[in-house]
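This report refers to the structure that appears directly beneath it.
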Amino acid sequence: MAHGLHGIAAAALASMALGAAQAAEGPHVSQLTDYANTTVAAWMSEALVVEAVKAQNAKNAALSEADIDSLDKQWRAEVGGSERPMIEEIMGRELSTWLASMREGSGGFVTEVFVMDNRGLNVGQSDVTSDYWQGDEAKWQETFLKGAGAVFVDEIERDESTQMLQSQVSMAIVDPATSEVIGAVTVGVNVDQL
């Protein structure tokens with residue numbers, strides 16, 4: 001979990017995120033919660049997902065806050081750059097390819113899917129995210145930190161480029177063998193299709 005400044009920031013952000021979680025209201029909240037508890041939960045119980053998250057948790061166990069900050073800065077620099085080794089490595093993972101196929105198979109309902117580890121770092125994703133570390137955001141704090149069964153539905157926003165109404169639903173990922181929370185997932189959805 002977060003320590004030091006990240007821990008303080010995480011606690012403050014978690015408090016703010018709780019207010020944000022309570023602010024997301026409307027019919028989309030129950031519909032997306034149901035979607036998470038059925039479709040997304042089934043996706044996240046797949047061995048490919050569970051094994052990828054557990055492997056990254058083990059690999060990243062010794063990362064310091066400075067390491068995480070450095071990785072996130074590298075990712076952000078690569079998003080706008082021509083040299084993208086970190087992004088290409090993650091987008092080339094079997095999990096990322098599989099998540100893209102889940103998005104594509106949704107008929108336009110799912111706009112993105114990304115899986116995070118127990119530190120809030122991306123493990124795999126269908127599309128390139130703007131940052132690598134999600135541990136400072138409600139999508140991770142309101143799910144991973146809350147435990148098994150935790151679902152967080154964000155506000156509806158209009159995408160500037162597509163004019164599509166979108167929201168995100170996030171949930172904790174649980175290892176079916178141990179019932180331990182090992183990560184989290186966020187699914188972007190086209191609310192116009194609800």
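Convention: chains lettered A, B, ... in structure tokens order; per-chain residue numbering from 1; ligands numbered from 1 as shown.
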
Per-residue nearest contacts segment 141-170 of chain A to segment 106-109 of chain A, cut-off 12 Å, using only C-alpha atoms, as CSV:
residue,atom,partner,partner_atom,distance
A:Met164,CA,A:Phe109,CA,10.9
A:Leu165,CA,A:Phe109,CA,10.9
A:Gln166,CA,A:Phe109,CA,9.6
A:Ser167,CA,A:Phe109,CA,10.7
A:Gln168,CA,A:Phe109,CA,11.4

Could you give me, as CSV, every segment 108-134 of chain A residue with an atom at most 12 Å from segment 179-185 of chain A, plus its closest atom pair and distance in Å to one decimal, counting only C-alpha atoms, rows ordered by chain then number?
residue,atom,partner,partner_atom,distance
A:Glu112,CA,A:Val185,CA,10.5
A:Val113,CA,A:Val185,CA,7.2
A:Phe114,CA,A:Val185,CA,5.7
A:Val115,CA,A:Val185,CA,4.4
A:Met116,CA,A:Ala184,CA,5.1
A:Asp117,CA,A:Gly183,CA,4.3
A:Asn118,CA,A:Gly183,CA,4.7
A:Arg119,CA,A:Gly183,CA,7.9
A:Gly120,CA,A:Gly183,CA,7.5
A:Leu121,CA,A:Gly183,CA,9.1
A:Asn122,CA,A:Val185,CA,9.3
A:Val123,CA,A:Gly183,CA,9.2
A:Gly124,CA,A:Val185,CA,9.6
A:Gln125,CA,A:Val185,CA,9.4
A:Ser126,CA,A:Val185,CA,11.5
A:Gln134,CA,A:Ala184,CA,9.8

Backbone-only DSSP, strand (DSSP E) members of segment 47-123 of chain A, as a list in words: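 Taking segment 47-123 of chain A and keeping strand (DSSP E) only, one gets Val110, Thr111, Glu112, Val113, Phe114, Val115, Met116, Asn122 and Val123 of chain A.
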
Would you write out those residues with N, CA and C atoms, as a short mmCIF file (atom, residue, chain, number, x, y, z; two decimals), in the first residue's frame?
data_model
loop_
_atom_site.label_atom_id
_atom_site.label_comp_id
_atom_site.auth_asym_id
_atom_site.auth_seq_id
_atom_site.Cartn_x
_atom_site.Cartn_y
_atom_site.Cartn_z
N VAL A 110 -18.49 -1.01 -24.54
CA VAL A 110 -17.26 -0.79 -23.78
C VAL A 110 -16.31 0.06 -24.64
N THR A 111 -15.82 1.15 -24.05
CA THR A 111 -14.90 2.05 -24.76
C THR A 111 -13.45 1.82 -24.38
N GLU A 112 -13.20 1.24 -23.22
CA GLU A 112 -11.84 0.91 -22.77
C GLU A 112 -11.93 -0.02 -21.57
N VAL A 113 -10.86 -0.79 -21.36
CA VAL A 113 -10.74 -1.65 -20.18
C VAL A 113 -9.28 -1.62 -19.75
N PHE A 114 -9.04 -1.39 -18.47
CA PHE A 114 -7.67 -1.54 -17.98
C PHE A 114 -7.66 -2.16 -16.59
N VAL A 115 -6.65 -3.00 -16.39
CA VAL A 115 -6.49 -3.77 -15.16
C VAL A 115 -5.30 -3.19 -14.40
N MET A 116 -5.47 -3.04 -13.08
CA MET A 116 -4.44 -2.48 -12.21
C MET A 116 -4.01 -3.50 -11.16
N ASN A 122 -0.87 -0.04 -13.95
CA ASN A 122 -1.51 -0.79 -15.03
C ASN A 122 -0.79 -2.12 -15.27
N VAL A 123 -1.60 -3.17 -15.42
CA VAL A 123 -1.08 -4.50 -15.75
C VAL A 123 -1.33 -4.77 -17.23
#

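Taking atom CA of Leu48 of chain A as the reference point, atom CA of Val151 of chain A is found at 21.3 Å.
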
Please give the complete set of residues from segment 50-96 of chain A that DSSP, run on the backbone, assigns to helix (DSSP H, G or I), formatted as a VMD selection string. chain A and resid 50 to 59 65 to 79 85 to 91 94 to 96

Those same residues - C-alpha atoms - I'd like them written as an mmCIF file, in the first residue's frame.
data_model
loop_
_atom_site.group_PDB
_atom_site.id
_atom_site.type_symbol
_atom_site.label_atom_id
_atom_site.label_comp_id
_atom_site.auth_asym_id
_atom_site.auth_seq_id
_atom_site.Cartn_x
_atom_site.Cartn_y
_atom_site.Cartn_z
ATOM 1 C CA VAL A 50 -5.634 -13.395 -12.286
ATOM 2 C CA GLU A 51 -2.199 -14.771 -13.200
ATOM 3 C CA ALA A 52 -1.099 -11.513 -14.893
ATOM 4 C CA VAL A 53 -2.087 -9.439 -11.845
ATOM 5 C CA LYS A 54 -0.446 -11.839 -9.387
ATOM 6 C CA ALA A 55 2.756 -11.898 -11.458
ATOM 7 C CA GLN A 56 2.942 -8.105 -11.546
ATOM 8 C CA ASN A 57 2.172 -7.858 -7.817
ATOM 9 C CA ALA A 58 5.165 -10.111 -7.143
ATOM 10 C CA LYS A 59 7.394 -8.230 -9.602
ATOM 11 C CA GLU A 65 7.258 5.576 -4.116
ATOM 12 C CA ALA A 66 10.083 7.139 -6.108
ATOM 13 C CA ASP A 67 10.109 4.112 -8.442
ATOM 14 C CA ILE A 68 6.356 4.417 -8.985
ATOM 15 C CA ASP A 69 6.650 8.162 -9.637
ATOM 16 C CA SER A 70 9.454 7.512 -12.113
ATOM 17 C CA LEU A 71 7.464 4.854 -13.974
ATOM 18 C CA ASP A 72 4.415 7.120 -14.136
ATOM 19 C CA LYS A 73 6.531 10.028 -15.445
ATOM 20 C CA GLN A 74 8.086 7.767 -18.068
ATOM 21 C CA TRP A 75 4.619 6.595 -19.187
ATOM 22 C CA ARG A 76 3.262 10.140 -19.400
ATOM 23 C CA ALA A 77 6.277 11.246 -21.458
ATOM 24 C CA GLU A 78 5.811 8.293 -23.816
ATOM 25 C CA VAL A 79 2.099 9.042 -24.353
ATOM 26 C CA PRO A 85 9.052 1.238 -25.193
ATOM 27 C CA MET A 86 7.116 1.042 -21.914
ATOM 28 C CA ILE A 87 3.733 1.571 -23.587
ATOM 29 C CA GLU A 88 4.578 -0.902 -26.361
ATOM 30 C CA GLU A 89 5.628 -3.540 -23.822
ATOM 31 C CA ILE A 90 2.367 -3.285 -21.881
ATOM 32 C CA MET A 91 0.167 -2.976 -24.976
ATOM 33 C CA GLU A 94 -1.374 -11.114 -23.852
ATOM 34 C CA LEU A 95 -3.654 -9.517 -21.241
ATOM 35 C CA SER A 96 -3.843 -6.240 -23.207
#

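Of note, atom CA of Tyr132 of chain A and atom CA of Ala47 of chain A are spaced 23.0 Å apart.
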
What's the separation between atom CA of Ala172 of chain A and atom CA of Ala148 of chain A, in Å to one decimal place? 5.9 Å

Of the residues A:Met171, A:Val187, A:Ala62, A:Ile156, which is the one nearest to Thr129 of chain A, using only C-alpha atoms? A:Val187
